[in-house]
>>> print(open('my_file_10.pdb').read())   # PDB, C-alpha atoms
ATOM      1  CA  MET A   1     -35.054 -60.161   1.755  1.00  0.00           C
ATOM      2  CA  LYS A   2     -31.765 -58.517   0.834  1.00  0.00           C
ATOM      3  CA  TYR A   3     -32.434 -55.687   3.297  1.00  0.00           C
ATOM      4  CA  VAL A   4     -33.291 -58.085   6.120  1.00  0.00           C
ATOM      5  CA  ILE A   5     -29.922 -59.795   5.654  1.00  0.00           C
ATOM      6  CA  ILE A   6     -28.100 -56.455   5.650  1.00  0.00           C
ATOM      7  CA  ILE A   7     -29.928 -55.261   8.780  1.00  0.00           C
ATOM      8  CA  SER A   8     -29.268 -58.600  10.502  1.00  0.00           C
ATOM      9  CA  PHE A   9     -25.583 -58.329   9.662  1.00  0.00           C
ATOM     10  CA  PHE A  10     -25.288 -54.842  11.163  1.00  0.00           C
ATOM     11  CA  THR A  11     -27.338 -55.840  14.184  1.00  0.00           C
ATOM     12  CA  ALA A  12     -24.986 -58.748  14.880  1.00  0.00           C
ATOM     13  CA  LEU A  13     -21.892 -56.704  14.159  1.00  0.00           C
ATOM     14  CA  PHE A  14     -22.701 -53.637  16.231  1.00  0.00           C
ATOM     15  CA  GLY A  15     -25.158 -55.020  18.756  1.00  0.00           C
ATOM     16  CA  VAL A  16     -27.821 -52.561  17.660  1.00  0.00           C
ATOM     17  CA  ASN A  17     -31.216 -53.964  18.410  1.00  0.00           C
ATOM     18  CA  THR A  18     -33.104 -52.631  15.400  1.00  0.00           C
ATOM     19  CA  LEU A  19     -35.344 -55.675  15.128  1.00  0.00           C
ATOM     20  CA  GLN A  20     -37.514 -57.320  17.770  1.00  0.00           C
ATOM     21  CA  SER A  21     -35.865 -60.586  18.785  1.00  0.00           C
ATOM     22  CA  ASN A  22     -37.664 -63.735  19.838  1.00  0.00           C
ATOM     23  CA  ALA A  23     -34.441 -65.370  21.039  1.00  0.00           C
ATOM     24  CA  ILE A  24     -33.360 -62.630  23.481  1.00  0.00           C
ATOM     25  CA  LYS A  25     -35.191 -61.852  26.699  1.00  0.00           C
ATOM     26  CA  VAL A  26     -34.062 -59.252  29.226  1.00  0.00           C
ATOM     27  CA  LEU A  27     -34.882 -60.458  32.732  1.00  0.00           C
ATOM     28  CA  SER A  28     -35.371 -58.488  35.914  1.00  0.00           C
ATOM     29  CA  LEU A  29     -33.137 -59.373  38.857  1.00  0.00           C
ATOM     30  CA  THR A  30     -35.908 -61.463  40.414  1.00  0.00           C
ATOM     31  CA  GLU A  31     -36.587 -63.363  37.180  1.00  0.00           C
ATOM     32  CA  PHE A  32     -32.865 -63.921  36.552  1.00  0.00           C
ATOM     33  CA  LYS A  33     -32.392 -65.357  40.052  1.00  0.00           C
ATOM     34  CA  GLU A  34     -35.471 -67.587  39.655  1.00  0.00           C
ATOM     35  CA  HIS A  35     -34.042 -69.001  36.417  1.00  0.00           C
ATOM     36  CA  THR A  36     -30.456 -69.501  37.602  1.00  0.00           C
ATOM     37  CA  GLU A  37     -30.096 -69.965  41.371  1.00  0.00           C
ATOM     38  CA  ASN A  38     -29.414 -73.564  42.396  1.00  0.00           C
ATOM     39  CA  LYS A  39     -29.967 -74.747  38.822  1.00  0.00           C
ATOM     40  CA  LYS A  40     -27.576 -76.232  36.276  1.00  0.00           C
ATOM     41  CA  VAL A  41     -27.630 -73.612  33.520  1.00  0.00           C
ATOM     42  CA  GLN A  42     -25.213 -72.025  31.077  1.00  0.00           C
ATOM     43  CA  LEU A  43     -24.466 -68.893  33.114  1.00  0.00           C
ATOM     44  CA  ILE A  44     -21.882 -66.621  31.519  1.00  0.00           C
ATOM     45  CA  ASP A  45     -20.195 -63.509  32.900  1.00  0.00           C
ATOM     46  CA  VAL A  46     -18.831 -61.499  29.950  1.00  0.00           C
ATOM     47  CA  ARG A  47     -16.751 -59.064  32.032  1.00  0.00           C
ATOM     48  CA  THR A  48     -12.965 -59.027  32.083  1.00  0.00           C
ATOM     49  CA  PRO A  49     -11.129 -61.615  34.209  1.00  0.00           C
ATOM     50  CA  ASP A  50     -10.224 -58.883  36.743  1.00  0.00           C
ATOM     51  CA  GLU A  51     -13.880 -57.875  37.081  1.00  0.00           C
ATOM     52  CA  PHE A  52     -14.899 -61.533  37.370  1.00  0.00           C
ATOM     53  CA  ASN A  53     -12.275 -62.227  40.043  1.00  0.00           C
ATOM     54  CA  SER A  54     -13.478 -59.269  42.112  1.00  0.00           C
ATOM     55  CA  GLY A  55     -16.874 -60.974  42.478  1.00  0.00           C
ATOM     56  CA  HIS A  56     -19.333 -62.893  40.320  1.00  0.00           C
ATOM     57  CA  ILE A  57     -22.558 -64.866  40.442  1.00  0.00           C
ATOM     58  CA  LYS A  58     -22.064 -68.365  41.849  1.00  0.00           C
ATOM     59  CA  ASP A  59     -21.378 -71.017  39.177  1.00  0.00           C
ATOM     60  CA  ALA A  60     -20.874 -68.444  36.403  1.00  0.00           C
ATOM     61  CA  LYS A  61     -18.263 -69.071  33.719  1.00  0.00           C
ATOM     62  CA  ASN A  62     -16.155 -66.127  32.574  1.00  0.00           C
ATOM     63  CA  ILE A  63     -15.966 -65.445  28.831  1.00  0.00           C
ATOM     64  CA  ASP A  64     -14.473 -61.988  28.354  1.00  0.00           C
ATOM     65  CA  PHE A  65     -16.438 -59.930  25.816  1.00  0.00           C
ATOM     66  CA  PHE A  66     -13.188 -58.299  24.664  1.00  0.00           C
ATOM     67  CA  SER A  67     -11.258 -61.574  24.333  1.00  0.00           C
ATOM     68  CA  GLY A  68     -10.127 -62.787  20.942  1.00  0.00           C
ATOM     69  CA  LYS A  69     -11.482 -66.193  22.005  1.00  0.00           C
ATOM     70  CA  PHE A  70     -15.039 -64.940  22.527  1.00  0.00           C
ATOM     71  CA  ASN A  71     -16.622 -66.881  19.625  1.00  0.00           C
ATOM     72  CA  VAL A  72     -14.458 -69.955  20.215  1.00  0.00           C
ATOM     73  CA  GLU A  73     -15.578 -70.165  23.854  1.00  0.00           C
ATOM     74  CA  PHE A  74     -19.260 -69.588  23.087  1.00  0.00           C
ATOM     75  CA  ASN A  75     -19.168 -72.202  20.329  1.00  0.00           C
ATOM     76  CA  LYS A  76     -18.256 -74.769  23.011  1.00  0.00           C
ATOM     77  CA  LEU A  77     -21.676 -74.237  24.622  1.00  0.00           C
ATOM     78  CA  ASP A  78     -24.920 -75.987  23.682  1.00  0.00           C
ATOM     79  CA  LYS A  79     -26.822 -73.643  21.353  1.00  0.00           C
ATOM     80  CA  GLU A  80     -30.069 -75.544  21.959  1.00  0.00           C
ATOM     81  CA  GLN A  81     -29.987 -74.897  25.710  1.00  0.00           C
ATOM     82  CA  PRO A  82     -30.793 -71.532  27.327  1.00  0.00           C
ATOM     83  CA  VAL A  83     -27.816 -69.286  28.000  1.00  0.00           C
ATOM     84  CA  TYR A  84     -27.829 -66.594  30.689  1.00  0.00           C
ATOM     85  CA  VAL A  85     -25.469 -63.651  30.285  1.00  0.00           C
ATOM     86  CA  TYR A  86     -24.510 -60.664  32.370  1.00  0.00           C
ATOM     87  CA  CYS A  87     -21.820 -57.997  32.551  1.00  0.00           C
ATOM     88  CA  ARG A  88     -21.212 -55.015  34.825  1.00  0.00           C
ATOM     89  CA  SER A  89     -24.153 -52.815  33.846  1.00  0.00           C
ATOM     90  CA  GLY A  90     -25.874 -54.477  30.875  1.00  0.00           C
ATOM     91  CA  SER A  91     -24.153 -52.978  27.834  1.00  0.00           C
ATOM     92  CA  ARG A  92     -21.728 -55.809  27.024  1.00  0.00           C
ATOM     93  CA  SER A  93     -24.302 -58.495  27.785  1.00  0.00           C
ATOM     94  CA  ARG A  94     -26.800 -56.813  25.435  1.00  0.00           C
ATOM     95  CA  LYS A  95     -24.173 -56.876  22.674  1.00  0.00           C
ATOM     96  CA  THR A  96     -23.279 -60.450  23.605  1.00  0.00           C
ATOM     97  CA  ALA A  97     -26.919 -61.513  23.309  1.00  0.00           C
ATOM     98  CA  SER A  98     -27.076 -60.123  19.771  1.00  0.00           C
ATOM     99  CA  LYS A  99     -23.860 -61.914  18.829  1.00  0.00           C
ATOM    100  CA  LEU A 100     -25.150 -65.175  20.302  1.00  0.00           C
ATOM    101  CA  GLU A 101     -28.365 -64.952  18.350  1.00  0.00           C
ATOM    102  CA  ALA A 102     -26.351 -64.343  15.172  1.00  0.00           C
ATOM    103  CA  ILE A 103     -24.289 -67.514  15.734  1.00  0.00           C
ATOM    104  CA  GLY A 104     -27.332 -69.697  16.366  1.00  0.00           C
ATOM    105  CA  PHE A 105     -28.319 -69.576  20.034  1.00  0.00           C
ATOM    106  CA  THR A 106     -32.098 -69.813  20.303  1.00  0.00           C
ATOM    107  CA  GLU A 107     -32.791 -68.892  23.945  1.00  0.00           C
ATOM    108  CA  ILE A 108     -30.759 -66.057  25.465  1.00  0.00           C
ATOM    109  CA  TYR A 109     -31.448 -64.347  28.776  1.00  0.00           C
ATOM    110  CA  ASP A 110     -29.778 -61.067  29.727  1.00  0.00           C
ATOM    111  CA  LEU A 111     -29.704 -59.668  33.282  1.00  0.00           C
ATOM    112  CA  ASN A 112     -31.198 -56.186  33.259  1.00  0.00           C
ATOM    113  CA  GLY A 113     -28.734 -53.796  34.908  1.00  0.00           C
ATOM    114  CA  GLY A 114     -25.934 -56.356  35.043  1.00  0.00           C
ATOM    115  CA  PHE A 115     -23.887 -57.360  38.083  1.00  0.00           C
ATOM    116  CA  LEU A 116     -24.315 -53.903  39.602  1.00  0.00           C
ATOM    117  CA  ASN A 117     -28.024 -54.727  39.846  1.00  0.00           C
ATOM    118  CA  TYR A 118     -27.305 -58.221  41.228  1.00  0.00           C
ATOM    119  CA  LYS A 119     -25.360 -57.076  44.255  1.00  0.00           C
TER     120      LYS A 119
END
>>> encode(input="my_file_10.pdb", output="structure tokens")
Amino acid sequence: MKYVIIISFFTALFGVNTLQSNAIKVLSLTEFKEHTENKKVQLIDVRTPDEFNSGHIKDAKNIDFFSGKFNVEFNKLDKEQPVYVYCRSGSRSRKTASKLEAIGFTEIYDLNGGFLNYK
């Protein structure tokens, strides 16, 4: 049990996916669009404000991965509802998904390939 806690801590801290997660699902572009387009969902773009302002998925909210307010902003969301995250290429959103699971989100969807894949 002690080792599981230690591994979970490092997974949350560094975003290393050493354990299989039931909360996090990586979706293909088609699946992501099916889940989010024309639907009221918690859709979060974790890129910087400049990246977000240069183009983003319709109805997405910007919560900068590098912001000091990252946890504060995510704690305003409903942890019992699905959350959909994306970044530029998938690295930050993968780390975000791990952080969200660590703070109690139970259903997290990550766009495979990020916004570069969406365009």
>>> resolve_selection(input="my_file_10.pdb", expression="the PyMOL selection byres ((chain A and resi 45-61) around 6)", output="PyMOL selection string")
chain A and resi 43-44+62-65+85-87
>>> resolve_selection(input="my_file_10.pdb", expression="the PyMOL selection byres ((chain A and resi 69-81) around 10)", output="JSON, numbers by chain")
{"A": [41, 42, 44, 46, 62, 63, 64, 65, 66, 67, 68, 82, 83, 84, 96, 99, 100, 101, 103, 104, 105, 106, 107, 108]}
>>> atom_distance(input="my_file_10.pdb", atom1="atom CA of A:Glu34", atom2="atom CA of A:Lys95")
23.0 Å
>>> atom_distance(input="my_file_10.pdb", atom1="atom CA of A:Ile24", atom2="atom CA of A:Arg94")
9.0 Å
>>> atom_distance(input="my_file_10.pdb", atom1="atom CA of A:Ser89", atom2="atom CA of A:Leu116")
5.9 Å
>>> axis_aligned_box(input="my_file_10.pdb", around="stretch 44-52 of chain A", padding_each_side="6 Å", output="lines of an AutoDock Vina configuration file")
center_x = -16.1
center_y = -62.2
center_z = 33.7
size_x = 23.7
size_y = 20.7
size_z = 19.4
